[in-house]
Amino acid sequence: MTNTDVFSNKFNIQPQGDIVCHVKDEYGDIIVADTEDHRILRFEGINEQSKMSKKDVNLPVHHYSKAMLMATAFTCGRTALLLGLGGGALLRALHALDEQRVMDVVELRAHVLSVAREWFTLPESDKISYHIEDAKHYLRKECTYPYDLIFSDLYTAFSMDPSQGTEAFLRLCLEKLSDQGWLVLNYYEVPRAGSALYCALREVFGEVLYCRVPSGNVVIYAARKPHLQTISELREQAKLMLSRLNISNEISDLSKNIVPLFP
């Protein structure tokens with residue numbers, strides 16, 4: 001979910017699209033709406049949890065999803081863990097970039113998975129495993145292989161899951177990363193120097209970068225170990241990766257926003 005969505009909700013702006021699916025579970029509403037060009041997933045009210053282009057289902061629409069995908073340029077590894085499914089925008093793009101990528105997808109709500117399968121063209125492959133489970137519980141389990149990429153996008157209807165910004169959560173993710181692995185967090189602000197998250201990232205990880213996107217969200221990239229590439233080299237690799245998804249040059253300039261978190 002984006003900061004823009006939260007801002008818009010304060011002003012009671014009408015959500016886009018005609019509702020084509022509306023189900024409830026113990027956590028609340030799950031709503032699918034259609035416009036001429038897009039299919040939108042909402043949990044409550046106006047907030048867009050996910051958005052899919054009808055012309056190209058593999059093309060991510062939200063800027064933060066594009067920024068999260070740039071992390072695939074930082075490693076040649078082919079295993080990934082996705083914490084939080086939503087409408088599957090990140091999953092579809094990752095699978096389109098590499099159909100041999102081995103992925104585990106963890107989603108708390110069974111109804112979200114079933115709605116995403118029916119309405120959002122989820123990829124089905126023997127390389128992809130779906131798990132209905134709390135993300136923190138999943139991270140505490142033993143896994144058969146380390147992950148080269150862990151994507152964490154844990155949001156409720158109105159806010160980020162606060163556990164995503166804790167040292168305990170970061171350490172659980174670190175334990176599941178390969179030696180060259182990266183944790184990728186969709187966060188709502190740049191961690192301020194001296195804040196709990198800033199200090200935790202500095203304590204736990206060997207290298208931390210971030211990218212501020214036009215919607216206001218901040219994507220944090222945290223690596224187990226420092227890497228040899230310069231920031232300029234990482235930006236160029238990220239830009240080339242976005243071009244593989246036919247993302248416009250204007251948006252591929254997102255790569256210029258990648259900067260180190262620590263001075």
# chains A, B, ... in the order shown; residues from 1 in each chain; ligands from 1
call {"tool": "residues_around", "arguments": {"residues": "A:Thr156", "least_positions_apart": "6", "cutoff": "12 Å", "atoms": "only C-alpha atoms", "output": "PyMOL selection string"}}
result
chain A and resi 1-2+6+27-30+42-44+47-49+84-86+107-109+112+162-164
call {"tool": "residues_around", "arguments": {"residues": "A:Leu149", "least_positions_apart": "5", "cutoff": "12 Å", "atoms": "only C-alpha atoms", "output": "number ranges by chain"}}
result
A: 68-83, 94, 101-105, 173-174, 176-185, 221-224
call {"tool": "write_last_selection", "arguments": {"atoms": "C-alpha atoms", "output": "compact mmCIF listing (two decimals), in the first residue's frame"}}
result
# COMPACT_ATOMS: atom_id res chain seq x y z
CA MET A 68 11.34 -3.51 -4.92
CA LEU A 69 12.02 -5.34 -8.18
CA MET A 70 15.28 -3.43 -8.65
CA ALA A 71 16.81 -5.65 -5.96
CA THR A 72 16.85 -8.54 -8.45
CA ALA A 73 19.69 -6.69 -10.18
CA PHE A 74 21.85 -6.88 -7.05
CA THR A 75 22.21 -10.67 -6.99
CA CYS A 76 22.43 -13.53 -9.45
CA GLY A 77 20.67 -15.81 -6.98
CA ARG A 78 17.42 -17.52 -7.97
CA THR A 79 15.59 -18.17 -4.69
CA ALA A 80 13.11 -15.71 -3.23
CA LEU A 81 10.71 -15.42 -0.30
CA LEU A 82 7.71 -13.09 -0.57
CA LEU A 83 6.09 -12.04 2.71
CA LEU A 94 9.45 -11.86 -10.64
CA ARG A 101 13.24 -18.66 -9.96
CA VAL A 102 12.26 -20.75 -6.93
CA MET A 103 9.80 -18.79 -4.77
CA ASP A 104 7.95 -19.26 -1.51
CA VAL A 105 4.98 -16.94 -1.04
CA CYS A 173 15.01 -12.42 7.97
CA LEU A 174 18.81 -12.37 8.25
CA LYS A 176 17.02 -16.97 6.17
CA LEU A 177 19.29 -15.04 3.77
CA SER A 178 22.09 -16.53 1.70
CA ASP A 179 25.57 -15.07 2.04
CA GLN A 180 24.90 -12.75 -0.91
CA GLY A 181 21.24 -12.20 -0.04
CA TRP A 182 19.18 -9.01 0.23
CA LEU A 183 16.15 -8.17 2.34
CA VAL A 184 13.79 -5.75 0.58
CA LEU A 185 11.29 -3.81 2.74
CA TYR A 221 17.54 -2.86 0.61
CA ALA A 222 19.56 -4.61 3.34
CA ALA A 223 22.39 -7.03 2.55
CA ARG A 224 24.00 -9.57 4.82
call {"tool": "select_by_dssp", "arguments": {"residues": "stretch 31-248 of chain A", "states": "helix (DSSP H, G or I)", "output": "VMD selection string"}}
result
chain A and resid 63 to 74 89 to 97 110 to 119 135 to 140 162 to 165 167 to 176 196 to 204 231 to 244
call {"tool": "closest_residue", "arguments": {"among": "A:Tyr64, A:Pro123, A:Ile19, A:Pro214", "to": "A:Phe151", "atoms": "only C-alpha atoms"}}
result
A:Tyr64
call {"tool": "select_by_dssp", "arguments": {"residues": "stretch 9-257 of chain A", "states": "strand (DSSP E)", "output": "VMD selection string"}}
result
chain A and resid 18 to 25 28 to 34 38 to 42 48 to 53 79 to 83 102 to 107 128 to 132 147 to 152 177 to 187 207 to 212 218 to 223
call {"tool": "residues_around", "arguments": {"residues": "A:Val218", "least_positions_apart": "2", "cutoff": "6 Å", "atoms": "only C-alpha atoms", "output": "PyMOL selection string"}}
result
chain A and resi 187-189+211-212
call {"tool": "write_last_selection", "arguments": {"atoms": "N, CA, C and O atoms", "output": "PDB file, in the first residue's frame"}}
result
ATOM      1  N   TYR A 187       8.628   0.289   3.070  1.00  0.00           N
ATOM      2  CA  TYR A 187       8.482   1.044   4.317  1.00  0.00           C
ATOM      3  C   TYR A 187       7.802   2.369   4.011  1.00  0.00           C
ATOM      4  O   TYR A 187       7.639   2.749   2.846  1.00  0.00           O
ATOM      5  N   TYR A 188       7.392   3.097   5.062  1.00  0.00           N
ATOM      6  CA  TYR A 188       6.620   4.319   4.838  1.00  0.00           C
ATOM      7  C   TYR A 188       7.433   5.602   4.966  1.00  0.00           C
ATOM      8  O   TYR A 188       6.936   6.693   4.661  1.00  0.00           O
ATOM      9  N   GLU A 189       8.693   5.509   5.407  1.00  0.00           N
ATOM     10  CA  GLU A 189       9.534   6.695   5.510  1.00  0.00           C
ATOM     11  C   GLU A 189      10.993   6.268   5.553  1.00  0.00           C
ATOM     12  O   GLU A 189      11.305   5.102   5.818  1.00  0.00           O
ATOM     13  N   CYS A 211      15.521   3.586  -1.495  1.00  0.00           N
ATOM     14  CA  CYS A 211      15.030   4.308  -2.672  1.00  0.00           C
ATOM     15  C   CYS A 211      13.695   4.930  -2.329  1.00  0.00           C
ATOM     16  O   CYS A 211      12.743   4.217  -1.983  1.00  0.00           O
ATOM     17  N   ARG A 212      13.611   6.240  -2.403  1.00  0.00           N
ATOM     18  CA  ARG A 212      12.336   6.933  -2.198  1.00  0.00           C
ATOM     19  C   ARG A 212      11.600   6.990  -3.533  1.00  0.00           C
ATOM     20  O   ARG A 212      12.174   7.356  -4.564  1.00  0.00           O
TER      21      ARG A 212
END
call {"tool": "closest_residue", "arguments": {"among": "A:Leu113, A:Ala96, A:Val213, A:Ile150", "to": "A:Ile258", "atoms": "only C-alpha atoms"}}
result
A:Val213
call {"tool": "residues_around", "arguments": {"residues": "A:Val61", "least_positions_apart": "3", "cutoff": "9 Å", "atoms": "only C-alpha atoms", "output": "ChimeraX atom specification"}}
result
/A:50-53,64-66,89
call {"tool": "write_last_selection", "arguments": {"atoms": "N, CA, C and O atoms", "output": "PDB file, in the first residue's frame"}}
result
ATOM      1  N   SER A  50      -3.165  -3.567  -4.280  1.00  0.00           N
ATOM      2  CA  SER A  50      -2.510  -4.048  -5.489  1.00  0.00           C
ATOM      3  C   SER A  50      -3.270  -3.542  -6.702  1.00  0.00           C
ATOM      4  O   SER A  50      -4.475  -3.263  -6.620  1.00  0.00           O
ATOM      5  N   LYS A  51      -2.561  -3.440  -7.835  1.00  0.00           N
ATOM      6  CA  LYS A  51      -3.180  -2.928  -9.057  1.00  0.00           C
ATOM      7  C   LYS A  51      -2.538  -3.635 -10.235  1.00  0.00           C
ATOM      8  O   LYS A  51      -1.304  -3.706 -10.333  1.00  0.00           O
ATOM      9  N   MET A  52      -3.363  -4.153 -11.137  1.00  0.00           N
ATOM     10  CA  MET A  52      -2.861  -4.923 -12.270  1.00  0.00           C
ATOM     11  C   MET A  52      -3.304  -4.291 -13.582  1.00  0.00           C
ATOM     12  O   MET A  52      -4.482  -3.970 -13.768  1.00  0.00           O
ATOM     13  N   SER A  53      -2.361  -4.117 -14.483  1.00  0.00           N
ATOM     14  CA  SER A  53      -2.679  -3.632 -15.820  1.00  0.00           C
ATOM     15  C   SER A  53      -3.317  -4.758 -16.624  1.00  0.00           C
ATOM     16  O   SER A  53      -2.794  -5.874 -16.682  1.00  0.00           O
ATOM     17  N   TYR A  64       6.326   1.611  -5.914  1.00  0.00           N
ATOM     18  CA  TYR A  64       7.095   0.891  -4.902  1.00  0.00           C
ATOM     19  C   TYR A  64       7.367  -0.548  -5.343  1.00  0.00           C
ATOM     20  O   TYR A  64       8.403  -1.121  -4.998  1.00  0.00           O
ATOM     21  N   SER A  65       6.450  -1.145  -6.111  1.00  0.00           N
ATOM     22  CA  SER A  65       6.691  -2.499  -6.628  1.00  0.00           C
ATOM     23  C   SER A  65       7.872  -2.496  -7.594  1.00  0.00           C
ATOM     24  O   SER A  65       8.708  -3.413  -7.579  1.00  0.00           O
ATOM     25  N   LYS A  66       7.947  -1.467  -8.419  1.00  0.00           N
ATOM     26  CA  LYS A  66       9.073  -1.354  -9.352  1.00  0.00           C
ATOM     27  C   LYS A  66      10.376  -1.185  -8.590  1.00  0.00           C
ATOM     28  O   LYS A  66      11.408  -1.780  -8.943  1.00  0.00           O
ATOM     29  N   ALA A  89       1.286  -8.614  -7.615  1.00  0.00           N
ATOM     30  CA  ALA A  89       2.014  -7.818  -8.613  1.00  0.00           C
ATOM     31  C   ALA A  89       3.500  -8.146  -8.621  1.00  0.00           C
ATOM     32  O   ALA A  89       4.110  -8.340  -9.689  1.00  0.00           O
TER      33      ALA A  89
END
call {"tool": "atom_distance", "arguments": {"atom1": "atom CA of A:Gly87", "atom2": "atom CA of A:Ala116"}}
result
5.2 Å
call {"tool": "closest_residue", "arguments": {"among": "A:Ser129, A:Ser243, A:Ser232, A:Ser159", "to": "A:Leu97", "atoms": "only C-alpha atoms"}}
result
A:Ser243
call {"tool": "closest_residue", "arguments": {"among": "A:Ala67, A:Val106, A:Leu201, A:Val23", "to": "A:Arg235", "atoms": "only C-alpha atoms"}}
result
A:Ala67
call {"tool": "atom_distance", "arguments": {"atom1": "atom CA of A:Glu167", "atom2": "atom CA of A:Ala200"}}
result
5.2 Å
call {"tool": "atom_distance", "arguments": {"atom1": "atom CA of A:Gly17", "atom2": "atom CA of A:Asp37"}}
result
9.8 Å
call {"tool": "closest_residue", "arguments": {"among": "A:Leu242, A:Ile46, A:Val219, A:Ala110", "to": "A:Glu26", "atoms": "only C-alpha atoms"}}
result
A:Ala110
call {"tool": "closest_residue", "arguments": {"among": "A:Thr121, A:Ser255, A:Gln100, A:Ser114", "to": "A:Arg39", "atoms": "only C-alpha atoms"}}
result
A:Thr121
